[in-house]
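> Below is the structure I would like to discuss, written out as structure tokens.
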Amino acid sequence: YPSVQELMDDLAAGYRRVIADVYAAGCRNLQFDDCSWGMLVDPRACMIFDTDAKGLEEIKEQMLTINNMAISGKPDDLVINTHVCRGNFHSTYASSGAYDSVAETLLARENVNAYYLEFDDDRSGDFAPLAEVSGDKKVVLGLITSKKPDLEDPDTIKARIQEAAQYIPLDRLCLSTQCGFASTQ
């Protein structure tokens, strides 16, 4: 590509075509499984993306721009959500790190209806980044793990939901497993 912007334009156009195709086939709720944001929060992000802190900020802005360009012009009755995936291959994970470093970009400015965020263990950090979620977007708290057979304690889950409600109203919070995808099947 002669420029990064031309690459970004083509990526967004490709996503818009897919969105139009799935909508035409009857889809009204589309969820992006976005592993890139999960890698950006990892403490090793500079190494993973082969850049420095300033370069990571540029990558975040580029990714946000591509996502919002792809979503622009979507039908009003199409719900689009983002799952920030950290990997779930054979019940393991690919990245760690709190959402703090992407909160002001992704959570505040991506034009989606909801975020599916993994919070099933300590590697995801605390709920403070949820304060950046803009508008009336919902957050689906991935508090239930699919990585081990032990059931979570209901009182612990309820307490964690109340903790998250300190940052975003309870009526905008939902509960799920940490990952709604089985990417290897």
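Residues in the structure tokens are numbered from 1 in each chain, the chains being A, B, ... in the order shown, and ligands are numbered from 1 in the order shown.
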Residues of chain A in strand (DSSP E or B) according to DSSP, as number ranges by chain?
A: 29-34, 79-84, 114-118, 138-144, 173-177
> Enumerate the residues of segment 4-150 of chain A with a DSSP assignment of alpha helix (DSSP H), computed from the backbone, and present them as a PyMOL selection string.
chain A and resi 4-24+35-40+45-48+53-71+100-102+108-109
> Keeping only C-alpha atoms, write those residues as a PDB file, in the first residue's frame.

ATOM      1  CA  VAL A   4      -1.270   3.466   5.875  1.00  0.00           C
ATOM      2  CA  GLN A   5      -4.510   5.375   5.281  1.00  0.00           C
ATOM      3  CA  GLU A   6      -5.176   3.470   2.050  1.00  0.00           C
ATOM      4  CA  LEU A   7      -4.656   0.179   3.890  1.00  0.00           C
ATOM      5  CA  MET A   8      -7.015   1.338   6.652  1.00  0.00           C
ATOM      6  CA  ASP A   9      -9.614   2.362   4.054  1.00  0.00           C
ATOM      7  CA  ASP A  10      -9.442  -1.073   2.397  1.00  0.00           C
ATOM      8  CA  LEU A  11      -9.697  -2.918   5.715  1.00  0.00           C
ATOM      9  CA  ALA A  12     -12.751  -0.883   6.721  1.00  0.00           C
ATOM     10  CA  ALA A  13     -14.336  -1.414   3.297  1.00  0.00           C
ATOM     11  CA  GLY A  14     -13.803  -5.178   3.632  1.00  0.00           C
ATOM     12  CA  TYR A  15     -15.502  -5.192   7.027  1.00  0.00           C
ATOM     13  CA  ARG A  16     -18.386  -3.075   5.677  1.00  0.00           C
ATOM     14  CA  ARG A  17     -18.909  -5.689   2.922  1.00  0.00           C
ATOM     15  CA  VAL A  18     -18.987  -8.506   5.488  1.00  0.00           C
ATOM     16  CA  ILE A  19     -21.363  -6.518   7.697  1.00  0.00           C
ATOM     17  CA  ALA A  20     -23.660  -5.888   4.714  1.00  0.00           C
ATOM     18  CA  ASP A  21     -23.544  -9.573   3.720  1.00  0.00           C
ATOM     19  CA  VAL A  22     -24.396 -10.921   7.169  1.00  0.00           C
ATOM     20  CA  TYR A  23     -27.132  -8.316   7.546  1.00  0.00           C
ATOM     21  CA  ALA A  24     -28.624  -9.330   4.191  1.00  0.00           C
ATOM     22  CA  CYS A  35      -7.861 -10.094  19.709  1.00  0.00           C
ATOM     23  CA  SER A  36      -5.760  -7.044  18.831  1.00  0.00           C
ATOM     24  CA  TRP A  37      -7.098  -4.956  21.737  1.00  0.00           C
ATOM     25  CA  GLY A  38      -6.368  -7.870  24.052  1.00  0.00           C
ATOM     26  CA  MET A  39      -2.765  -7.891  22.885  1.00  0.00           C
ATOM     27  CA  LEU A  40      -2.476  -4.091  23.259  1.00  0.00           C
ATOM     28  CA  ALA A  45       2.657  -4.975  23.948  1.00  0.00           C
ATOM     29  CA  CYS A  46       5.649  -2.936  22.780  1.00  0.00           C
ATOM     30  CA  MET A  47       7.541  -6.155  22.049  1.00  0.00           C
ATOM     31  CA  ILE A  48       4.502  -7.854  20.472  1.00  0.00           C
ATOM     32  CA  ALA A  53       4.839   3.546  23.793  1.00  0.00           C
ATOM     33  CA  LYS A  54       4.245   6.310  21.234  1.00  0.00           C
ATOM     34  CA  GLY A  55       3.890   3.711  18.483  1.00  0.00           C
ATOM     35  CA  LEU A  56       1.321   1.802  20.559  1.00  0.00           C
ATOM     36  CA  GLU A  57      -0.783   4.967  20.834  1.00  0.00           C
ATOM     37  CA  GLU A  58      -0.678   5.343  17.032  1.00  0.00           C
ATOM     38  CA  ILE A  59      -1.734   1.699  16.617  1.00  0.00           C
ATOM     39  CA  LYS A  60      -4.666   2.194  19.031  1.00  0.00           C
ATOM     40  CA  GLU A  61      -5.842   5.239  17.055  1.00  0.00           C
ATOM     41  CA  GLN A  62      -5.510   3.364  13.751  1.00  0.00           C
ATOM     42  CA  MET A  63      -7.442   0.364  15.071  1.00  0.00           C
ATOM     43  CA  LEU A  64     -10.182   2.595  16.477  1.00  0.00           C
ATOM     44  CA  THR A  65     -10.430   4.455  13.171  1.00  0.00           C
ATOM     45  CA  ILE A  66     -10.690   1.215  11.173  1.00  0.00           C
ATOM     46  CA  ASN A  67     -13.361  -0.173  13.504  1.00  0.00           C
ATOM     47  CA  ASN A  68     -15.436   3.020  13.439  1.00  0.00           C
ATOM     48  CA  MET A  69     -15.090   3.345   9.657  1.00  0.00           C
ATOM     49  CA  ALA A  70     -16.256  -0.273   9.302  1.00  0.00           C
ATOM     50  CA  ILE A  71     -19.274   0.338  11.536  1.00  0.00           C
ATOM     51  CA  ASP A 100      -6.601   0.881  31.579  1.00  0.00           C
ATOM     52  CA  SER A 101      -4.360   1.501  28.572  1.00  0.00           C
ATOM     53  CA  VAL A 102      -7.215   1.158  26.057  1.00  0.00           C
ATOM     54  CA  ALA A 108     -14.735   5.725  25.292  1.00  0.00           C
ATOM     55  CA  ARG A 109     -14.744   6.098  21.518  1.00  0.00           C
TER      56      ARG A 109
END
> Counting only C-alpha atoms, which residue out of A:Thr51, A:Thr156, A:Ser146, A:Asn29 sits closest to Pro75 of chain A?
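Under the stated criterion, the closest residue is A:Asn29.
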> Quick check, in Å to one decimal: how far apart do atom CA of Val84 of chain A and atom CA of Phe32 of chain A lie?
8.4 Å
> Which residue is closest to Ala128 of chain A? Choose from A:Thr145, A:Gln166, A:Thr177, A:Asn113 and count only C-alpha atoms.
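Counting only C-alpha atoms, the residue closest to Ala128 of chain A is A:Gln166.
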> Which residues, written as an NGL selection string, have at least one atom at most 9 Å from Glu104 of chain A, with only C-alpha atoms counted and residues fewer than 5 positions away on the same chain left out?
:A and (109 or 129 or 132-133)
> Deliver the residues from the most recent selection as a file, using N, CA and C atoms, as a PDB file, in the first residue's frame.

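And here is the file that came out, part.pdb:
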ATOM      1  N   ARG A 109     -14.523   5.534  22.849  1.00  0.00           N
ATOM      2  CA  ARG A 109     -14.744   6.098  21.518  1.00  0.00           C
ATOM      3  C   ARG A 109     -15.131   5.118  20.413  1.00  0.00           C
ATOM      4  N   PRO A 129     -11.438   0.920  34.623  1.00  0.00           N
ATOM      5  CA  PRO A 129     -11.550   1.379  33.235  1.00  0.00           C
ATOM      6  C   PRO A 129     -12.989   1.480  32.729  1.00  0.00           C
ATOM      7  N   GLU A 132     -14.825   4.745  31.760  1.00  0.00           N
ATOM      8  CA  GLU A 132     -14.632   5.405  30.461  1.00  0.00           C
ATOM      9  C   GLU A 132     -15.674   4.984  29.417  1.00  0.00           C
ATOM     10  N   VAL A 133     -16.467   3.960  29.708  1.00  0.00           N
ATOM     11  CA  VAL A 133     -17.456   3.486  28.734  1.00  0.00           C
ATOM     12  C   VAL A 133     -18.460   4.608  28.479  1.00  0.00           C
TER      13      VAL A 133
END
> When you look at Asp171 of chain A with a cut-off of 12 Å (counting only C-alpha atoms), what residues show up, excluding the ones that are within fewer than 3 positions of it in the same chain? I need them as an NGL selection string.
:A and (136-140 or 161-162 or 164-168 or 174-175)
> Restricting it to all heavy atoms, dump the selection as a short mmCIF file (atom, residue, chain, number, x, y, z; two decimals), in the first residue's frame.

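What ended up in out.cif:
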data_model
loop_
_atom_site.label_atom_id
_atom_site.label_comp_id
_atom_site.auth_asym_id
_atom_site.auth_seq_id
_atom_site.Cartn_x
_atom_site.Cartn_y
_atom_site.Cartn_z
N ASP A 136 -24.65 5.04 26.25
CA ASP A 136 -25.48 4.04 26.92
C ASP A 136 -25.02 2.62 26.60
O ASP A 136 -25.79 1.67 26.70
CB ASP A 136 -26.95 4.23 26.56
CG ASP A 136 -27.21 4.06 25.06
OD1 ASP A 136 -26.24 3.94 24.29
OD2 ASP A 136 -28.39 4.05 24.66
N LYS A 137 -23.75 2.49 26.22
CA LYS A 137 -23.21 1.17 25.89
C LYS A 137 -23.30 0.24 27.09
O LYS A 137 -23.18 0.66 28.23
CB LYS A 137 -21.74 1.29 25.48
CG LYS A 137 -21.51 2.11 24.24
CD LYS A 137 -20.02 2.26 24.00
CE LYS A 137 -19.73 3.34 22.99
NZ LYS A 137 -18.29 3.63 22.94
N LYS A 138 -23.46 -1.03 26.79
CA LYS A 138 -23.49 -2.07 27.81
C LYS A 138 -22.11 -2.71 27.92
O LYS A 138 -21.31 -2.66 26.99
CB LYS A 138 -24.53 -3.12 27.47
CG LYS A 138 -25.95 -2.58 27.48
CD LYS A 138 -26.95 -3.70 27.35
CE LYS A 138 -28.37 -3.21 27.31
NZ LYS A 138 -28.81 -2.28 28.28
N VAL A 139 -21.87 -3.32 29.08
CA VAL A 139 -20.66 -4.09 29.30
C VAL A 139 -21.07 -5.47 29.77
O VAL A 139 -21.81 -5.61 30.74
CB VAL A 139 -19.73 -3.43 30.33
CG1 VAL A 139 -18.56 -4.35 30.67
CG2 VAL A 139 -19.21 -2.09 29.82
N VAL A 140 -20.60 -6.48 29.06
CA VAL A 140 -20.85 -7.87 29.44
C VAL A 140 -19.61 -8.34 30.19
O VAL A 140 -18.53 -8.44 29.61
CB VAL A 140 -21.14 -8.74 28.20
CG1 VAL A 140 -21.44 -10.18 28.63
CG2 VAL A 140 -22.30 -8.16 27.39
N ILE A 161 -19.98 -8.09 40.55
CA ILE A 161 -20.91 -7.28 39.76
C ILE A 161 -21.17 -5.95 40.47
O ILE A 161 -21.17 -4.89 39.84
CB ILE A 161 -22.22 -8.05 39.49
CG1 ILE A 161 -21.95 -9.24 38.56
CG2 ILE A 161 -23.29 -7.12 38.91
CD1 ILE A 161 -23.10 -10.22 38.46
N GLN A 162 -21.37 -5.99 41.78
CA GLN A 162 -21.58 -4.76 42.54
C GLN A 162 -20.34 -3.86 42.49
O GLN A 162 -20.46 -2.63 42.42
CB GLN A 162 -21.96 -5.08 43.99
CG GLN A 162 -23.35 -5.64 44.13
CD GLN A 162 -24.41 -4.72 43.55
OE1 GLN A 162 -24.41 -3.52 43.74
NE2 GLN A 162 -25.33 -5.31 42.79
N ALA A 164 -18.24 -3.69 39.95
CA ALA A 164 -18.25 -3.09 38.60
C ALA A 164 -19.28 -1.97 38.53
O ALA A 164 -19.08 -0.97 37.83
CB ALA A 164 -18.53 -4.16 37.55
N ALA A 165 -20.40 -2.12 39.26
CA ALA A 165 -21.48 -1.13 39.24
C ALA A 165 -21.05 0.20 39.88
O ALA A 165 -21.75 1.20 39.74
CB ALA A 165 -22.71 -1.68 39.93
N GLN A 166 -19.90 0.24 40.51
CA GLN A 166 -19.35 1.50 41.02
C GLN A 166 -18.88 2.39 39.86
O GLN A 166 -18.74 3.60 40.03
CB GLN A 166 -18.17 1.24 41.95
CG GLN A 166 -18.53 0.50 43.22
CD GLN A 166 -17.28 0.18 44.02
OE1 GLN A 166 -16.32 0.94 44.07
NE2 GLN A 166 -17.30 -0.99 44.66
N TYR A 167 -18.65 1.79 38.69
CA TYR A 167 -18.08 2.51 37.55
C TYR A 167 -19.05 2.67 36.38
O TYR A 167 -18.86 3.55 35.53
CB TYR A 167 -16.82 1.80 37.07
CG TYR A 167 -15.78 1.70 38.15
CD1 TYR A 167 -15.62 0.52 38.87
CD2 TYR A 167 -15.00 2.80 38.48
CE1 TYR A 167 -14.68 0.44 39.89
CE2 TYR A 167 -14.06 2.72 39.49
CZ TYR A 167 -13.90 1.53 40.20
OH TYR A 167 -12.98 1.47 41.21
N ILE A 168 -20.05 1.82 36.32
CA ILE A 168 -21.03 1.86 35.24
C ILE A 168 -22.36 1.39 35.84
O ILE A 168 -22.36 0.45 36.64
CB ILE A 168 -20.58 1.01 34.02
CG1 ILE A 168 -21.51 1.19 32.83
CG2 ILE A 168 -20.43 -0.43 34.39
CD1 ILE A 168 -20.95 0.59 31.54
N CYS A 174 -24.05 -6.84 32.14
CA CYS A 174 -24.54 -8.19 31.87
C CYS A 174 -23.47 -9.17 32.33
O CYS A 174 -22.35 -8.78 32.63
CB CYS A 174 -24.79 -8.37 30.37
SG CYS A 174 -25.93 -7.17 29.67
N LEU A 175 -23.80 -10.44 32.35
CA LEU A 175 -22.89 -11.48 32.84
C LEU A 175 -22.75 -12.57 31.79
O LEU A 175 -23.73 -12.96 31.16
CB LEU A 175 -23.45 -12.07 34.14
CG LEU A 175 -22.71 -13.25 34.75
CD1 LEU A 175 -21.30 -12.84 35.20
CD2 LEU A 175 -23.50 -13.81 35.94
#
> Which residues come within 10 Å of Asp120 of chain A, counting only C-alpha atoms, excluding same-chain residues fewer than 4 positions away, as a ChimeraX atom specification?
/A:124-125,141-147,152,157,176-179
> Convert the current residue selection to file output with all heavy atoms, as a compact mmCIF listing (two decimals), in the first residue's frame.

# COMPACT_ATOMS: atom_id res chain seq x y z
N SER A 124 -6.82 -9.62 34.37
CA SER A 124 -7.62 -8.61 33.67
C SER A 124 -7.67 -7.27 34.40
O SER A 124 -8.26 -6.33 33.88
CB SER A 124 -9.05 -9.13 33.47
OG SER A 124 -9.03 -10.32 32.74
N GLY A 125 -7.12 -7.19 35.57
CA GLY A 125 -7.13 -5.93 36.31
C GLY A 125 -8.47 -5.68 36.98
O GLY A 125 -9.32 -6.55 37.07
N LEU A 141 -19.78 -8.54 31.48
CA LEU A 141 -18.66 -8.94 32.35
C LEU A 141 -18.42 -10.43 32.22
O LEU A 141 -19.27 -11.25 32.60
CB LEU A 141 -18.99 -8.61 33.81
CG LEU A 141 -19.25 -7.15 34.14
CD1 LEU A 141 -19.77 -7.04 35.58
CD2 LEU A 141 -18.00 -6.33 33.93
N GLY A 142 -17.28 -10.80 31.67
CA GLY A 142 -16.90 -12.21 31.55
C GLY A 142 -16.31 -12.71 32.86
O GLY A 142 -15.10 -12.87 32.98
N LEU A 143 -17.17 -12.91 33.84
CA LEU A 143 -16.74 -13.31 35.18
C LEU A 143 -16.70 -14.82 35.37
O LEU A 143 -16.09 -15.32 36.31
CB LEU A 143 -17.67 -12.71 36.24
CG LEU A 143 -17.71 -11.19 36.32
CD1 LEU A 143 -18.78 -10.74 37.31
CD2 LEU A 143 -16.35 -10.65 36.72
N ILE A 144 -17.36 -15.55 34.51
CA ILE A 144 -17.43 -17.00 34.62
C ILE A 144 -16.38 -17.60 33.69
O ILE A 144 -16.34 -17.30 32.51
CB ILE A 144 -18.84 -17.52 34.22
CG1 ILE A 144 -19.95 -16.76 34.93
CG2 ILE A 144 -18.93 -19.03 34.42
CD1 ILE A 144 -19.94 -16.87 36.43
N THR A 145 -15.52 -18.44 34.22
CA THR A 145 -14.44 -18.98 33.40
C THR A 145 -14.85 -20.27 32.70
O THR A 145 -15.63 -21.06 33.23
CB THR A 145 -13.16 -19.21 34.21
OG1 THR A 145 -12.08 -19.48 33.30
CG2 THR A 145 -13.29 -20.37 35.18
N SER A 146 -14.33 -20.44 31.51
CA SER A 146 -14.49 -21.71 30.80
C SER A 146 -13.17 -22.47 30.78
O SER A 146 -13.07 -23.50 30.14
CB SER A 146 -14.96 -21.45 29.37
OG SER A 146 -13.97 -20.77 28.64
N LYS A 147 -12.19 -21.96 31.51
CA LYS A 147 -10.86 -22.55 31.48
C LYS A 147 -10.65 -23.66 32.51
O LYS A 147 -9.66 -24.37 32.46
CB LYS A 147 -9.82 -21.46 31.68
CG LYS A 147 -9.75 -20.48 30.53
CD LYS A 147 -8.65 -19.46 30.77
CE LYS A 147 -8.48 -18.56 29.58
NZ LYS A 147 -9.52 -17.56 29.47
N GLU A 152 -17.86 -21.13 39.97
CA GLU A 152 -17.63 -19.94 40.76
C GLU A 152 -18.64 -19.86 41.91
O GLU A 152 -19.76 -20.35 41.80
CB GLU A 152 -17.77 -18.68 39.89
CG GLU A 152 -16.65 -18.46 38.91
CD GLU A 152 -16.74 -19.31 37.64
OE1 GLU A 152 -17.75 -20.03 37.46
OE2 GLU A 152 -15.79 -19.28 36.85
N ILE A 157 -19.43 -13.80 42.68
CA ILE A 157 -19.85 -13.21 41.40
C ILE A 157 -20.74 -11.99 41.66
O ILE A 157 -20.56 -10.93 41.04
CB ILE A 157 -20.58 -14.25 40.53
CG1 ILE A 157 -19.63 -15.39 40.14
CG2 ILE A 157 -21.18 -13.60 39.28
CD1 ILE A 157 -18.40 -14.97 39.35
N SER A 176 -21.53 -13.07 31.61
CA SER A 176 -21.30 -14.18 30.70
C SER A 176 -20.01 -14.90 31.09
O SER A 176 -19.33 -14.51 32.03
CB SER A 176 -21.18 -13.69 29.25
OG SER A 176 -19.92 -13.09 29.02
N THR A 177 -19.70 -15.93 30.32
CA THR A 177 -18.38 -16.54 30.43
C THR A 177 -17.36 -15.55 29.89
O THR A 177 -17.71 -14.60 29.19
CB THR A 177 -18.30 -17.85 29.63
OG1 THR A 177 -18.67 -17.56 28.28
CG2 THR A 177 -19.19 -18.92 30.21
N GLN A 178 -16.09 -15.78 30.18
CA GLN A 178 -15.07 -14.81 29.77
C GLN A 178 -14.94 -14.73 28.26
O GLN A 178 -14.53 -13.72 27.73
CB GLN A 178 -13.72 -15.12 30.44
CG GLN A 178 -12.75 -15.99 29.66
CD GLN A 178 -13.12 -17.46 29.64
OE1 GLN A 178 -14.00 -17.91 30.35
NE2 GLN A 178 -12.44 -18.22 28.81
N CYS A 179 -15.28 -15.79 27.56
CA CYS A 179 -15.13 -15.78 26.11
C CYS A 179 -16.28 -16.54 25.48
O CYS A 179 -16.53 -17.70 25.80
CB CYS A 179 -13.80 -16.44 25.71
SG CYS A 179 -13.45 -16.32 23.95
> In Å to one decimal, how far is atom CA of Asn111 of chain A from atom CA of Ala98 of chain A?
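Computed distance, atom CA of Ala98 of chain A to atom CA of Asn111 of chain A, equals 21.1 Å.
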> Select, from A:Glu110, A:Asp42, A:Asp34, A:Asp122, the residue with the minimum atom-to-atom distance to Cys85 of chain A, counting only C-alpha atoms.
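Answer, going by the shortest atom-to-atom distance: A:Asp34.
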